[in-house]
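Visitor: So that you have it, the file is entry21.pdb, and it contains PDB, C-alpha atoms:
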ATOM      1  CA  MET A 155      19.293  -5.344  -3.507
ATOM      2  CA  PRO A 156      19.627  -1.829  -2.104
ATOM      3  CA  LYS A 157      19.993  -1.532   1.651
ATOM      4  CA  LEU A 158      16.566   0.111   2.167
ATOM      5  CA  THR A 159      14.608  -2.555   0.330
ATOM      6  CA  GLU A 160      16.642  -5.339   1.911
ATOM      7  CA  TRP A 161      15.752  -3.972   5.359
ATOM      8  CA  ALA A 162      12.084  -3.625   4.383
ATOM      9  CA  TYR A 163      11.816  -7.208   3.113
ATOM     10  CA  ARG A 164      13.404  -8.583   6.287
ATOM     11  CA  LEU A 165      11.105  -6.545   8.521
ATOM     12  CA  SER A 166       7.940  -7.403   6.609
ATOM     13  CA  GLU A 167       8.825 -11.084   6.505
ATOM     14  CA  SER A 168       9.543 -11.141  10.245
ATOM     15  CA  LEU A 169       6.118  -9.655  10.980
ATOM     16  CA  LEU A 170       3.948 -11.437   8.411
ATOM     17  CA  ALA A 171       5.463 -14.694   7.107
ATOM     18  CA  ASP A 172       4.529 -16.955  10.024
ATOM     19  CA  PRO A 173       1.254 -15.501  11.332
ATOM     20  CA  LEU A 174      -0.120 -14.318   7.967
ATOM     21  CA  PRO A 175       1.628 -16.138   5.077
ATOM     22  CA  ARG A 176      -0.957 -15.104   2.489
ATOM     23  CA  ARG A 177      -0.561 -11.449   3.494
ATOM     24  CA  TRP A 178       3.218 -11.886   3.192
ATOM     25  CA  ASN A 179       2.734 -13.300  -0.329
ATOM     26  CA  HIS A 180       0.561 -10.315  -1.209
ATOM     27  CA  CYS A 181       3.195  -7.851   0.057
ATOM     28  CA  GLN A 182       5.898  -9.576  -1.980
ATOM     29  CA  GLY A 183       3.658  -9.403  -5.050
ATOM     30  CA  VAL A 184       2.985  -5.699  -4.485
ATOM     31  CA  ALA A 185       6.744  -5.105  -4.229
ATOM     32  CA  GLN A 186       7.258  -7.062  -7.457
ATOM     33  CA  ARG A 187       4.652  -4.852  -9.124
ATOM     34  CA  ALA A 188       6.586  -1.800  -7.866
ATOM     35  CA  ARG A 189       9.679  -3.054  -9.697
ATOM     36  CA  THR A 190       7.683  -3.168 -12.947
ATOM     37  CA  ILE A 191       7.049   0.598 -12.815
ATOM     38  CA  ALA A 192      10.507   1.607 -11.595
ATOM     39  CA  LEU A 193      11.219   3.443 -14.845
ATOM     40  CA  VAL A 194       8.720   6.181 -13.899
ATOM     41  CA  LEU A 195       9.924   6.489 -10.314
ATOM     42  CA  GLY A 196      13.558   7.439 -10.795
ATOM     43  CA  GLU A 197      15.314   7.906  -7.442
ATOM     44  CA  ASP A 198      12.130   6.880  -5.626
ATOM     45  CA  ALA A 199      12.007   3.356  -7.054
ATOM     46  CA  ASP A 200      13.656   1.769  -3.999
ATOM     47  CA  LEU A 201      11.518   3.857  -1.659
ATOM     48  CA  LEU A 202       8.333   2.657  -3.348
ATOM     49  CA  GLU A 203       9.441  -0.973  -3.335
ATOM     50  CA  ALA A 204      10.237  -0.735   0.382
ATOM     51  CA  ALA A 205       6.833   0.832   1.108
ATOM     52  CA  ALA A 206       5.153  -1.799  -1.068
ATOM     53  CA  VAL A 207       6.586  -4.737   0.834
ATOM     54  CA  LEU A 208       5.711  -3.039   4.147
ATOM     55  CA  HIS A 209       2.287  -1.608   3.284
ATOM     56  CA  ASP A 210       0.230  -4.292   5.073
ATOM     57  CA  ILE A 211       2.341  -4.946   8.184
ATOM     58  CA  GLY A 212      -0.410  -3.328  10.262
ATOM     59  CA  TYR A 213      -2.327  -6.608   9.935
ATOM     60  CA  ALA A 214       0.344  -8.420  11.987
ATOM     61  CA  PRO A 215      -1.247  -9.610  15.229
ATOM     62  CA  ASP A 216       1.363  -7.887  17.401
ATOM     63  CA  LEU A 217       0.845  -4.551  15.614
ATOM     64  CA  ALA A 218      -2.940  -4.456  15.235
ATOM     65  CA  LYS A 219      -4.048  -1.920  17.840
ATOM     66  CA  THR A 220      -6.821   0.115  16.202
ATOM     67  CA  GLY A 221      -7.893  -2.473  13.624
ATOM     68  CA  PHE A 222      -7.062   0.043  10.895
ATOM     69  CA  HIS A 223      -3.968  -1.493   9.348
ATOM     70  CA  PRO A 224      -2.538   1.608   7.584
ATOM     71  CA  LEU A 225      -2.468   3.514  10.879
ATOM     72  CA  ASP A 226      -1.206   0.559  12.928
ATOM     73  CA  GLY A 227       1.530  -0.222  10.413
ATOM     74  CA  ALA A 228       2.643   3.400  10.086
ATOM     75  CA  ARG A 229       2.789   3.876  13.846
ATOM     76  CA  TYR A 230       4.943   0.774  14.204
ATOM     77  CA  LEU A 231       7.258   1.911  11.430
ATOM     78  CA  ARG A 232       7.589   5.376  12.985
ATOM     79  CA  ASP A 233       7.736   4.477  16.696
ATOM     80  CA  VAL A 234       9.443   1.096  16.778
ATOM     81  CA  ALA A 235      11.269   0.523  13.490
ATOM     82  CA  ARG A 236      12.294   4.196  13.140
ATOM     83  CA  ALA A 237      11.714   3.907   9.399
ATOM     84  CA  ASP A 238      12.280   6.579   6.788
ATOM     85  CA  GLU A 239       9.500   9.164   7.173
ATOM     86  CA  ARG A 240       8.511   8.895   3.517
ATOM     87  CA  ILE A 241       7.949   5.143   3.818
ATOM     88  CA  VAL A 242       5.926   5.680   6.990
ATOM     89  CA  ASN A 243       3.703   8.227   5.240
ATOM     90  CA  LEU A 244       3.199   6.030   2.178
ATOM     91  CA  VAL A 245       2.147   3.104   4.374
ATOM     92  CA  ALA A 246      -0.200   5.342   6.371
ATOM     93  CA  HIS A 247      -1.998   6.597   3.281
ATOM     94  CA  HIS A 248      -1.816   3.630   0.925
ATOM     95  CA  SER A 249      -4.714   2.732  -1.359
ATOM     96  CA  CYS A 250      -7.154   5.486  -0.435
ATOM     97  CA  ALA A 251      -6.725   4.880   3.297
ATOM     98  CA  TYR A 252      -8.259   8.271   4.019
ATOM     99  CA  MET A 253     -11.651   6.961   2.879
ATOM    100  CA  GLU A 254     -11.475   3.967   5.197
ATOM    101  CA  ALA A 255     -10.231   6.266   7.973
ATOM    102  CA  ASP A 256     -13.369   8.370   7.468
ATOM    103  CA  ALA A 257     -15.549   5.285   7.866
ATOM    104  CA  ARG A 258     -13.680   4.296  11.043
ATOM    105  CA  GLU A 259     -13.690   7.851  12.417
ATOM    106  CA  LEU A 260      -9.881   7.844  12.408
ATOM    107  CA  ARG A 261      -9.289  10.429   9.686
ATOM    108  CA  GLU A 262      -8.168  13.162  12.072
ATOM    109  CA  GLU A 263      -5.603  10.840  13.685
ATOM    110  CA  LEU A 264      -4.326   9.657  10.318
ATOM    111  CA  ASP A 265      -3.964  13.126   8.829
ATOM    112  CA  SER A 266      -2.545  14.785  11.948
ATOM    113  CA  GLU A 267       0.127  12.136  12.484
ATOM    114  CA  PHE A 268       1.125  11.386   8.903
ATOM    115  CA  PRO A 269       1.423  13.931   6.086
ATOM    116  CA  HIS A 270       0.704  12.793   2.552
ATOM    117  CA  GLU A 271       3.668  11.852   0.427
ATOM    118  CA  SER A 272       3.908  13.043  -3.162
ATOM    119  CA  PRO A 273       0.819  12.291  -5.277
ATOM    120  CA  HIS A 274       2.745  10.280  -7.871
ATOM    121  CA  LEU A 275       4.051   7.923  -5.159
ATOM    122  CA  ASP A 276       0.606   7.612  -3.556
ATOM    123  CA  ASP A 277      -0.737   6.715  -7.009
ATOM    124  CA  ALA A 278       2.071   4.246  -7.597
ATOM    125  CA  LEU A 279       1.546   2.377  -4.317
ATOM    126  CA  CYS A 280      -2.222   2.239  -4.874
ATOM    127  CA  TYR A 281      -1.600   0.917  -8.383
ATOM    128  CA  CYS A 282       0.736  -1.790  -7.091
ATOM    129  CA  ASP A 283      -1.623  -2.860  -4.296
ATOM    130  CA  MET A 284      -4.795  -2.849  -6.367
ATOM    131  CA  ASN A 285      -3.190  -4.767  -9.219
ATOM    132  CA  THR A 286      -2.016  -7.646  -7.006
ATOM    133  CA  THR A 287      -4.118 -10.520  -5.638
ATOM    134  CA  PRO A 288      -4.058 -11.629  -1.999
ATOM    135  CA  ASP A 289      -1.765 -14.457  -3.140
ATOM    136  CA  GLY A 290       0.690 -12.057  -4.762
ATOM    137  CA  THR A 291      -0.117 -12.607  -8.420
ATOM    138  CA  PRO A 292      -0.946  -9.848 -10.921
ATOM    139  CA  THR A 293      -4.568  -8.862 -11.429
ATOM    140  CA  ASN A 294      -6.493  -5.771 -12.438
ATOM    141  CA  PRO A 295      -8.197  -3.251 -10.152
ATOM    142  CA  ILE A 296     -11.762  -4.256 -11.088
ATOM    143  CA  ASP A 297     -11.158  -7.899 -10.180
ATOM    144  CA  ARG A 298      -9.253  -6.851  -7.054
ATOM    145  CA  ILE A 299     -12.103  -4.621  -5.866
ATOM    146  CA  ASP A 300     -14.593  -7.423  -6.580
ATOM    147  CA  GLU A 301     -12.412  -9.873  -4.627
ATOM    148  CA  ILE A 302     -12.177  -7.527  -1.632
ATOM    149  CA  THR A 303     -15.924  -6.883  -1.684
ATOM    150  CA  GLY A 304     -16.596 -10.627  -1.868
ATOM    151  CA  ARG A 305     -14.167 -11.460   0.915
ATOM    152  CA  TYR A 306     -15.528  -8.895   3.380
ATOM    153  CA  GLY A 307     -19.108  -8.624   2.136
ATOM    154  CA  PRO A 308     -20.695  -5.720   0.249
ATOM    155  CA  GLU A 309     -22.384  -4.272   3.355
ATOM    156  CA  SER A 310     -19.280  -4.480   5.563
ATOM    157  CA  LEU A 311     -17.186  -1.429   6.398
ATOM    158  CA  ILE A 312     -14.449  -2.672   4.035
ATOM    159  CA  GLY A 313     -16.898  -3.613   1.282
ATOM    160  CA  THR A 314     -18.535  -0.198   1.461
ATOM    161  CA  PHE A 315     -15.190   1.630   1.628
ATOM    162  CA  ILE A 316     -13.649  -0.209  -1.330
ATOM    163  CA  ARG A 317     -16.673   0.477  -3.543
ATOM    164  CA  ARG A 318     -16.574   4.140  -2.532
ATOM    165  CA  ALA A 319     -12.835   4.209  -3.324
ATOM    166  CA  GLU A 320     -13.226   2.437  -6.668
ATOM    167  CA  PRO A 321     -13.255   5.595  -8.861
ATOM    168  CA  GLU A 322     -10.072   6.894  -7.214
ATOM    169  CA  ILE A 323      -8.390   3.469  -7.411
ATOM    170  CA  LEU A 324      -9.170   3.334 -11.133
ATOM    171  CA  ALA A 325      -7.923   6.905 -11.555
ATOM    172  CA  CYS A 326      -4.643   6.043  -9.766
ATOM    173  CA  THR A 327      -4.163   3.056 -12.036
ATOM    174  CA  SER A 328      -4.881   5.163 -15.101
ATOM    175  CA  ARG A 329      -2.416   7.882 -14.064
ATOM    176  CA  VAL A 330       0.344   5.338 -13.428
ATOM    177  CA  LEU A 331      -0.248   3.559 -16.719
ATOM    178  CA  GLU A 332      -0.192   6.913 -18.534
ATOM    179  CA  ARG A 333       3.197   7.712 -16.932
ATOM    180  CA  VAL A 334       4.564   4.296 -17.883
ATOM    181  CA  SER A 335       3.303   4.655 -21.449
ATOM    182  CA  ALA A 336       4.797   8.142 -21.775
ATOM    183  CA  ALA A 337       8.134   6.948 -20.390
ATOM    184  CA  LYS A 338       8.261   4.101 -22.888
ATOM    185  CA  ARG A 339       7.634   6.535 -25.764
ATOM    186  CA  GLN A 340      10.563   8.735 -24.769
ATOM    187  CA  PRO A 341      13.610   8.303 -27.035
ATOM    188  CA  MET A 342      16.703   6.958 -25.362
TER
END
Represent the structure from my file as structure tokens, please.

Guide:
Amino acid sequence: MPKLTEWAYRLSESLLADPLPRRWNHCQGVAQRARTIALVLGEDADLLEAAAVLHDIGYAPDLAKTGFHPLDGARYLRDVARADERIVNLVAHHSCAYMEADARELREELDSEFPHESPHLDDALCYCDMNTTPDGTPTNPIDRIDEITGRYGPESLIGTFIRRAEPEILACTSRVLERVSAAKRQPM
């Protein structure tokens, strides 16, 4: 395992495995999903896998400061873990975080502290997250959005955000699958 991903797995496990084992399983599943699309990521495959296994560390009880896990996780990665800036930015903006930041009135903080990473990596991380269940097994984005809405409630901030984000989540998934399909059609 490359050094970057090895570090990311150790850090994520240390923050999530004991207090939030289901979240840790989800992060491992998202990282596994990242490995399945490595062929379209080239040099960024390890970077995406590292971001995937770290994307939800902001839920860790010791890190949760604002209650907005992308921001809390990214701040920890930047300020404490001194992580690669690209990983930090991917975690900060994963899975349409800007829409949830709007709902929480944290958009200005998110955008001023963390620039967006490349669109294809943002798409890839969203794809990996939204195609993985809370237990870490593969799913599809429709079922994942339904599960999130059911878990938090349709009228909750999260339920409302995820339904608002649904078209973009589906578009991210479509763009990633198109890239994978095109890569598989390329002659060797």

Visitor: Tell me, as an MDAnalysis selection string, which residues lie within 8 Å of segment 214-230 of chain A, counting only C-alpha atoms; anything in the same chain fewer than 5 positions away does not count.

Guide: chainID A and resid 169:170 173:174 209 235 242:243 245:248 251 255 258 264

Visitor: Measure the distance from atom CA of Val207 of chain A to atom CA of Cys181 of chain A in Å and round it to one decimal.

Guide: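 Separation of atom CA of Val207 of chain A and atom CA of Cys181 of chain A: 4.7 Å.
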
Visitor: Taking the file as shown, what set of residues would the PyMOL selection byres ((chain A and resi 253) around 12) give back, as a PyMOL selection string?

Guide: chain A and resi 222+224+247-252+254-262+264-265+311-323

Visitor: Find the residues near segment 328-341 of chain A: any atom within 10 Å, counting all atoms listed in the file, skip ones fewer than 5 places away on the same chain, and give them as a list in words.

Guide: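 So the residues in contact are Thr190, Ile191, Ala192, Leu193, Val194, Leu195, His274, Leu275, Asp277, Ala278, Leu279, Cys280, Tyr281, Cys282, Glu322 and Ile323 of chain A.
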
Visitor: In Å to one decimal, how far is atom CA of Ile241 of chain A from atom CA of Trp178 of chain A?

Guide: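 Atom CA of Ile241 of chain A lies 17.7 Å from atom CA of Trp178 of chain A.
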
Visitor: Take segment 212-223 of chain A, bring it up to N, CA, C and O atoms, and give me the output as a PDB file, in the coordinates of the input.

Guide:
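result19.pdb, freshly written:
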ATOM      1  N   GLY A 212       0.542  -3.658   9.205  1.00  0.00           N
ATOM      2  CA  GLY A 212      -0.410  -3.328  10.262  1.00  0.00           C
ATOM      3  C   GLY A 212      -1.416  -4.427  10.542  1.00  0.00           C
ATOM      4  O   GLY A 212      -2.121  -4.387  11.557  1.00  0.00           O
ATOM      5  N   TYR A 213      -1.483  -5.437   9.685  1.00  0.00           N
ATOM      6  CA  TYR A 213      -2.327  -6.608   9.935  1.00  0.00           C
ATOM      7  C   TYR A 213      -1.673  -7.589  10.904  1.00  0.00           C
ATOM      8  O   TYR A 213      -2.342  -8.480  11.425  1.00  0.00           O
ATOM      9  N   ALA A 214      -0.364  -7.485  11.106  1.00  0.00           N
ATOM     10  CA  ALA A 214       0.344  -8.420  11.987  1.00  0.00           C
ATOM     11  C   ALA A 214      -0.296  -8.401  13.365  1.00  0.00           C
ATOM     12  O   ALA A 214      -0.568  -7.324  13.912  1.00  0.00           O
ATOM     13  N   PRO A 215      -0.553  -9.558  13.945  1.00  0.00           N
ATOM     14  CA  PRO A 215      -1.247  -9.610  15.229  1.00  0.00           C
ATOM     15  C   PRO A 215      -0.610  -8.746  16.321  1.00  0.00           C
ATOM     16  O   PRO A 215      -1.332  -8.114  17.094  1.00  0.00           O
ATOM     17  N   ASP A 216       0.701  -8.679  16.360  1.00  0.00           N
ATOM     18  CA  ASP A 216       1.363  -7.887  17.401  1.00  0.00           C
ATOM     19  C   ASP A 216       1.259  -6.381  17.159  1.00  0.00           C
ATOM     20  O   ASP A 216       1.497  -5.592  18.072  1.00  0.00           O
ATOM     21  N   LEU A 217       0.909  -5.975  15.949  1.00  0.00           N
ATOM     22  CA  LEU A 217       0.845  -4.551  15.614  1.00  0.00           C
ATOM     23  C   LEU A 217      -0.575  -4.007  15.599  1.00  0.00           C
ATOM     24  O   LEU A 217      -0.780  -2.808  15.756  1.00  0.00           O
ATOM     25  N   ALA A 218      -1.550  -4.883  15.395  1.00  0.00           N
ATOM     26  CA  ALA A 218      -2.940  -4.456  15.235  1.00  0.00           C
ATOM     27  C   ALA A 218      -3.482  -3.897  16.554  1.00  0.00           C
ATOM     28  O   ALA A 218      -3.816  -4.650  17.463  1.00  0.00           O
ATOM     29  N   LYS A 219      -3.550  -2.593  16.624  1.00  0.00           N
ATOM     30  CA  LYS A 219      -4.048  -1.920  17.840  1.00  0.00           C
ATOM     31  C   LYS A 219      -5.415  -1.289  17.598  1.00  0.00           C
ATOM     32  O   LYS A 219      -6.311  -1.432  18.415  1.00  0.00           O
ATOM     33  N   THR A 220      -5.563  -0.560  16.491  1.00  0.00           N
ATOM     34  CA  THR A 220      -6.821   0.115  16.202  1.00  0.00           C
ATOM     35  C   THR A 220      -7.728  -0.723  15.308  1.00  0.00           C
ATOM     36  O   THR A 220      -8.913  -0.437  15.194  1.00  0.00           O
ATOM     37  N   GLY A 221      -7.152  -1.718  14.617  1.00  0.00           N
ATOM     38  CA  GLY A 221      -7.893  -2.473  13.624  1.00  0.00           C
ATOM     39  C   GLY A 221      -7.871  -1.812  12.252  1.00  0.00           C
ATOM     40  O   GLY A 221      -8.423  -2.338  11.296  1.00  0.00           O
ATOM     41  N   PHE A 222      -7.229  -0.672  12.163  1.00  0.00           N
ATOM     42  CA  PHE A 222      -7.062   0.043  10.895  1.00  0.00           C
ATOM     43  C   PHE A 222      -5.608  -0.117  10.493  1.00  0.00           C
ATOM     44  O   PHE A 222      -4.726   0.587  10.980  1.00  0.00           O
ATOM     45  N   HIS A 223      -5.333  -1.071   9.609  1.00  0.00           N
ATOM     46  CA  HIS A 223      -3.968  -1.493   9.348  1.00  0.00           C
ATOM     47  C   HIS A 223      -3.038  -0.398   8.815  1.00  0.00           C
ATOM     48  O   HIS A 223      -1.860  -0.407   9.158  1.00  0.00           O
TER      49      HIS A 223
END
